[in-house]
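Asks: Quick one: the structure is below, and I'll ask about it shortly.
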Amino acid sequence: MELVVDKINKSFGDNHVLRDISFSVRSGATYGLIGRNGSGKTTTIRVIMGLFPADSGSVAIDGEPPGRSGARLGYLPEERGLYPKCVIADQMAYIGQLRGMAASAARRRSVELLERLDAGEYYKKKLNTLSKGNQQKIQLAAALIDDPEIVILDEPFSGLDPVNARILKELVTELARGGRMVIFSSHQMSHVEEFCDEICMIDKGQVVLAGNLKAIKRSYPRNRMLISPEDGAEGALRGALAQPEAGALLASAEDTPRGTLATLRDERDRGRLLALITQSGAGLDAFSVVEPTLEEIFVEKAGEADEAV
C-alpha cells in the first residue's frame with residue numbers, strides 16, 4: 001500500500017498554511033513529519049484524513065482518494081477526544097462499532113490492546129480517573145481498535161513518562177514490522193530520530209527536506225570523530241593528539257564526557273589518525289564517526305527548533 005501526497009495547498013483566509021506539500025509513504029515504513037509547532041504538520045494530517053479539503057493538489061492511497069480506497073485509517077490526534085466521564089470499556093466498544101466492528105469483537109480487541117499497553121487494569125475505570133499519560137495510552141488503543149492499515153500519530157509522546165514512551169515505541173515498531181504504515185508527527189526530534197525510517201521536514205508550510213534519514217545523515221561530511229580511550233589511557237591519547245603529525249590532520253579537538261571530539265581537515269584521513277593513535281600505544285574503546293543529530297540538521301535547514309525539542 002502506498003500513500004501519495006502531491007503538491008497540496010491549503011489556506012485559511014489570507015494565511016497560506018500549506019505550500020505544495022509532497023511526499024509518499026509505503027506500508028511497513030515509519031514516517032516522520034517534523035517541524036516546529038505551527039509549521040503545518042497537523043494541517044497536513046487533517047488533509048490526509050479528509051477533515052480539511054485541500055485547495056489544490058491531491059492525496060491518494062494506491063491511486064484512489066482515501067475515502068474510496070477502502071483503507072482503514074487510525075488517527076491519534078494531538079488534541080485528545082475521548083469522553084472523560086465514560087467507562088473506558090464502554091467507549092472503546094462504541095468506537096469499535098462506529099468503525100464497523102461487532103460490540104463483542106471490539107471489547108476483545110480493547111482488552112488485547114490495553115494489556116499490550118500495560119493498561120489492562122483501567123478497562124472498567126472512567127477516563128478522568130487516570131493520569132495524563134495513561135489517558136494517552138487509552139487514546140492510542142482507541143486509534144488502533146479496528147487494526148488500521150495506516151496509523152497516523154500526532155504528537156503521541158505528549159504526557160508520557162520514559163517507561164510509557166518506551167512501550168509506545170515498541171508498539172509502533174511492531175506495527176511497522178507487521179506491514180502497517182505509520183505516520184508520526186512531532187516537533188520532538190529525538191523521538192523521530194530513534195525509530196523513523198523516512199522523514200519530511202516542514203517549515204512555514206513548505207517541505208525543506210525529505211528522504212531516508214540514514215541517507216540524509218550520511219550525506220553530511222564524515223570528518224567528526226568521537227575517540228574514547230580505555231580507562232587509564234586518557235593521557236596517552238592526549239599525547240598522541242598533541243603530536244605534530246596529528247595536529248596537521250586535525251582542525252580541532254575537544255574533550256567531552258564521552259571522549260575526545262576530533263574534527264579532521266579531510267574526512268579521508270580517518271585511517272591515518274587512527275594509525276597514529278594506535279602506534280602511540282593509547283588503547284581505545286571507540287573510534288567512530290559522529291553524524292549530525294536530527295536537531296542539528298533541523299537548525300541548519302529551518303533555524304532554531306522549539307524549546308521543547
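Convention: chains lettered A, B, ... in C-alpha cells order; per-chain residue numbering from 1; ligands numbered from 1 as shown.
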Report the residues of segment 41-125 of chain A whose backbone DSSP state falls under strand (DSSP E), written as an mmCIF file with C-alpha atoms, in the first residue's frame.
Replies:
data_model
loop_
_atom_site.group_PDB
_atom_site.id
_atom_site.type_symbol
_atom_site.label_atom_id
_atom_site.label_comp_id
_atom_site.auth_asym_id
_atom_site.auth_seq_id
_atom_site.Cartn_x
_atom_site.Cartn_y
_atom_site.Cartn_z
ATOM 1 C CA SER A 56 -5.220 22.201 -4.687
ATOM 2 C CA GLY A 57 -3.155 19.068 -5.042
ATOM 3 C CA SER A 58 -4.208 15.528 -4.171
ATOM 4 C CA VAL A 59 -3.970 12.699 -1.654
ATOM 5 C CA ALA A 60 -4.192 9.108 -2.901
ATOM 6 C CA ILE A 61 -3.908 5.630 -1.395
ATOM 7 C CA LEU A 73 -7.018 4.711 8.987
ATOM 8 C CA GLY A 74 -6.314 5.039 12.685
ATOM 9 C CA TYR A 75 -5.750 8.552 13.981
ATOM 10 C CA LEU A 76 -4.344 9.723 17.304
#
Asks: Per DSSP on the backbone, what are the helix (DSSP H, G or I) residues of segment 24-219 of chain A, as a ChimeraX atom specification?
Replies: /A:41-49,66-69,88-98,103-116,120-122,127-129,132-143,162-177,189-195,213-218
Asks: Let me make sure I understand: among A:Leu117, A:Ala54, A:Ala29, A:Val5, which one has the smallest atom-to-atom distance to Arg180 of chain A if we use only C-alpha atoms?
Replies: A:Ala29
Asks: I'd like the neighbourhood of segment 149-163 of chain A as a list in words, where a residue qualifies if any of its atoms comes within 6 Å (using only C-alpha atoms), though same-chain residues fewer than 3 positions away should be ignored.
Replies: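 Contacts, with the query itself left out: Arg72, Leu73, Gly74, Tyr75, Leu76, Pro77, Glu78, Lys132, Gly133, Arg166, Arg180, Met181, Val182, Ile183, Phe184, Ser185 and Ser186 of chain A.
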Asks: With only C-alpha atoms as the counted atoms, please give the residues lying no more than 10 Å from Thr260 of chain A, apart from itself and same-chain residues fewer than 5 positions off, as a VMD selection string.
Replies: chain A and resid 225 to 229 234 237 to 238 241 253 to 255 287
Asks: Using 12 Å as the limit and counting only C-alpha atoms, can you tabulate each residue of segment 98-151 of chain A that touches segment 80-85 of chain A, with its shortest atom-to-atom distance in Å and the two atoms involved, as CSV?
Replies:
residue,atom,partner,partner_atom,distance
A:Lys124,CA,A:Lys85,CA,11.7
A:Lys125,CA,A:Lys85,CA,9.3
A:Lys126,CA,A:Lys85,CA,5.6
A:Leu127,CA,A:Pro84,CA,4.8
A:Asn128,CA,A:Pro84,CA,4.7
A:Thr129,CA,A:Pro84,CA,8.3
A:Leu130,CA,A:Pro84,CA,9.4
A:Ser131,CA,A:Pro84,CA,11.5
A:Lys132,CA,A:Arg80,CA,10.4
A:Gly133,CA,A:Arg80,CA,11.7
A:Gln135,CA,A:Leu82,CA,8.9
A:Gln136,CA,A:Arg80,CA,7.9
A:Lys137,CA,A:Arg80,CA,10.9
A:Ile138,CA,A:Leu82,CA,8.7
A:Gln139,CA,A:Leu82,CA,6.9
A:Leu140,CA,A:Arg80,CA,9.8
A:Ala141,CA,A:Leu82,CA,11.1
A:Ala142,CA,A:Leu82,CA,8.7
A:Ala143,CA,A:Leu82,CA,10.6
Asks: Would you tabulate, counting only C-alpha atoms, all residues of segment 26-140 of chain A that have an atom at most 12 Å from an atom of segment 297-304 of chain A, showing the closest pair of atoms and their distance in Å to one decimal, sorted by chain then ascending number, as CSV?
Replies:
residue,atom,partner,partner_atom,distance
A:Ile34,CA,A:Phe298,CA,8.9
A:Gly35,CA,A:Phe298,CA,8.0
A:Arg36,CA,A:Ala302,CA,9.0
A:Ser39,CA,A:Ala302,CA,10.4
Asks: Between A:Gly205, A:Gly40, A:Pro65, A:Gly247, single out the one closest to Asp20 of chain A, counting only C-alpha atoms.
Replies: A:Gly205
Asks: Excluding Leu33 of chain A and its own-chain neighbours fewer than 6 positions away, which residues fall within 12 Å of it when counting only C-alpha atoms? Please give them as a tab-separated table (two decimals) with N, CA and C atoms, in the first residue's frame.
Replies:
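Result file is result_27.tsv:
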chain	number	residue	atom	x	y	z
A	21	ILE	N	2.95	20.79	-0.54
A	21	ILE	CA	3.47	19.69	0.27
A	21	ILE	C	3.37	18.38	-0.51
A	22	SER	N	4.50	17.69	-0.66
A	22	SER	CA	4.53	16.42	-1.38
A	22	SER	C	5.42	15.42	-0.64
A	23	PHE	N	4.95	14.20	-0.52
A	23	PHE	CA	5.76	13.08	-0.03
A	23	PHE	C	4.98	11.80	-0.27
A	24	SER	N	5.64	10.67	-0.10
A	24	SER	CA	4.96	9.38	-0.25
A	24	SER	C	5.46	8.43	0.83
A	25	VAL	N	4.58	7.50	1.23
A	25	VAL	CA	4.90	6.53	2.29
A	25	VAL	C	4.37	5.17	1.86
A	39	SER	N	4.00	24.68	12.14
A	39	SER	CA	4.66	24.62	10.83
A	39	SER	C	3.77	24.09	9.72
A	40	GLY	N	2.67	23.41	10.09
A	40	GLY	CA	1.78	22.85	9.08
A	40	GLY	C	1.62	21.34	9.16
A	41	LYS	N	2.23	20.70	10.15
A	41	LYS	CA	2.17	19.25	10.26
A	41	LYS	C	0.75	18.75	10.48
A	42	THR	N	0.07	19.33	11.47
A	42	THR	CA	-1.28	18.87	11.80
A	42	THR	C	-2.26	19.17	10.67
A	43	THR	N	-2.12	20.30	10.01
A	43	THR	CA	-2.98	20.60	8.86
A	43	THR	C	-2.76	19.59	7.75
A	44	THR	N	-1.52	19.20	7.52
A	44	THR	CA	-1.23	18.18	6.52
A	44	THR	C	-1.94	16.88	6.87
A	45	ILE	N	-1.88	16.47	8.13
A	45	ILE	CA	-2.54	15.25	8.56
A	45	ILE	C	-4.05	15.36	8.36
A	152	ILE	N	-1.86	7.08	11.97
A	152	ILE	CA	-1.35	8.45	12.00
A	152	ILE	C	-1.35	8.94	13.44
A	153	LEU	N	-0.17	9.29	13.93
A	153	LEU	CA	0.02	9.67	15.32
A	153	LEU	C	0.53	11.11	15.38
A	154	ASP	N	-0.27	12.00	15.96
A	154	ASP	CA	0.10	13.41	16.03
A	154	ASP	C	0.56	13.73	17.46
A	155	GLU	N	1.85	14.00	17.62
A	155	GLU	CA	2.46	14.26	18.93
A	155	GLU	C	2.09	13.17	19.95
A	182	VAL	N	2.97	3.69	9.31
A	182	VAL	CA	2.88	4.55	10.49
A	182	VAL	C	3.42	5.94	10.13
A	183	ILE	N	2.57	6.94	10.27
A	183	ILE	CA	2.97	8.33	10.05
A	183	ILE	C	2.98	9.02	11.41
A	184	PHE	N	4.11	9.56	11.74
A	184	PHE	CA	4.36	10.06	13.08
A	184	PHE	C	4.73	11.53	13.00
A	185	SER	N	3.93	12.40	13.61
A	185	SER	CA	4.17	13.83	13.56
A	185	SER	C	4.66	14.32	14.91
A	186	SER	N	5.75	15.09	14.90
A	186	SER	CA	6.27	15.60	16.17
A	186	SER	C	7.26	16.73	15.93
A	187	HIS	N	7.40	17.59	16.95
A	187	HIS	CA	8.48	18.55	16.97
A	187	HIS	C	9.60	18.07	17.89
A	188	GLN	N	9.43	16.89	18.48
A	188	GLN	CA	10.44	16.32	19.36
A	188	GLN	C	11.37	15.42	18.54
A	189	MET	N	12.49	15.99	18.11
A	189	MET	CA	13.36	15.33	17.15
A	189	MET	C	13.93	14.01	17.65
A	191	HIS	N	12.63	11.65	19.43
A	191	HIS	CA	11.73	10.51	19.23
A	191	HIS	C	11.69	10.10	17.76
A	192	VAL	N	11.64	11.08	16.87
A	192	VAL	CA	11.62	10.78	15.44
A	192	VAL	C	12.91	10.08	15.04
A	193	GLU	N	14.02	10.60	15.54
A	193	GLU	CA	15.33	10.08	15.17
A	193	GLU	C	15.50	8.63	15.62
A	196	CYS	N	12.21	6.41	13.21
A	196	CYS	CA	11.62	6.68	11.89
A	196	CYS	C	12.61	6.34	10.78
A	197	ASP	N	12.11	5.70	9.73
A	197	ASP	CA	12.93	5.34	8.58
A	197	ASP	C	13.11	6.53	7.64
A	198	GLU	N	12.00	7.22	7.38
A	198	GLU	CA	11.99	8.35	6.44
A	198	GLU	C	11.44	9.57	7.18
A	199	ILE	N	11.84	10.74	6.69
A	199	ILE	CA	11.33	11.97	7.30
A	199	ILE	C	10.89	12.96	6.23
A	200	CYS	N	10.00	13.84	6.63
A	200	CYS	CA	9.63	15.01	5.84
A	200	CYS	C	9.67	16.20	6.79
A	201	MET	N	10.57	17.12	6.55
A	201	MET	CA	10.75	18.28	7.41
A	201	MET	C	9.97	19.45	6.82
A	202	ILE	N	9.03	19.98	7.60
A	202	ILE	CA	8.18	21.08	7.14
A	202	ILE	C	8.49	22.33	7.95
A	203	ASP	N	8.66	23.44	7.26
A	203	ASP	CA	8.86	24.71	7.93
A	203	ASP	C	8.06	25.79	7.19
A	205	GLY	N	5.05	25.84	6.36
A	205	GLY	CA	4.15	25.28	5.36
A	205	GLY	C	4.81	24.71	4.13
A	206	GLN	N	6.13	24.59	4.13
A	206	GLN	CA	6.84	24.06	2.96
A	206	GLN	C	7.76	22.92	3.37
A	207	VAL	N	7.97	21.98	2.45
A	207	VAL	CA	8.93	20.90	2.69
A	207	VAL	C	10.33	21.46	2.45
A	208	VAL	N	11.18	21.37	3.49
A	208	VAL	CA	12.55	21.85	3.34
A	208	VAL	C	13.55	20.71	3.23
A	209	LEU	N	13.13	19.50	3.58
A	209	LEU	CA	14.00	18.33	3.46
A	209	LEU	C	13.14	17.08	3.57
A	210	ALA	N	13.41	16.08	2.74
A	210	ALA	CA	12.66	14.82	2.80
A	210	ALA	C	13.54	13.69	2.30
A	211	GLY	N	13.33	12.49	2.85
A	211	GLY	CA	14.07	11.34	2.37
A	211	GLY	C	14.39	10.37	3.48
A	213	LEU	N	16.30	8.85	6.43
A	213	LEU	CA	17.04	9.54	7.49
A	213	LEU	C	18.52	9.13	7.51
Asks: Please identify all polymer residues within 9 Å of Glu230 of chain A, counting only C-alpha atoms, omitting same-chain residues fewer than 5 positions from it, and present them as a compact mmCIF listing (two decimals) with N, CA and C atoms, in the first residue's frame.
Replies:
# COMPACT_ATOMS: atom_id res chain seq x y z
N ALA A 282 48.07 4.22 22.80
CA ALA A 282 46.84 4.59 23.51
C ALA A 282 45.73 3.59 23.17
N GLY A 283 45.25 2.88 24.18
CA GLY A 283 44.16 1.93 23.95
C GLY A 283 42.83 2.65 23.80
N LEU A 284 42.00 2.17 22.90
CA LEU A 284 40.73 2.83 22.62
C LEU A 284 39.54 1.92 22.89
N ASP A 285 38.46 2.50 23.41
CA ASP A 285 37.17 1.82 23.49
C ASP A 285 36.35 2.09 22.24
N ALA A 286 36.54 3.27 21.65
CA ALA A 286 35.75 3.61 20.46
C ALA A 286 36.49 4.63 19.60
Asks: Using only C-alpha atoms, which of A:Ala251, A:Leu294, A:Val289, A:Ala246 sits nearest Leu273 of chain A?
Replies: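 Closest candidate: A:Ala246.
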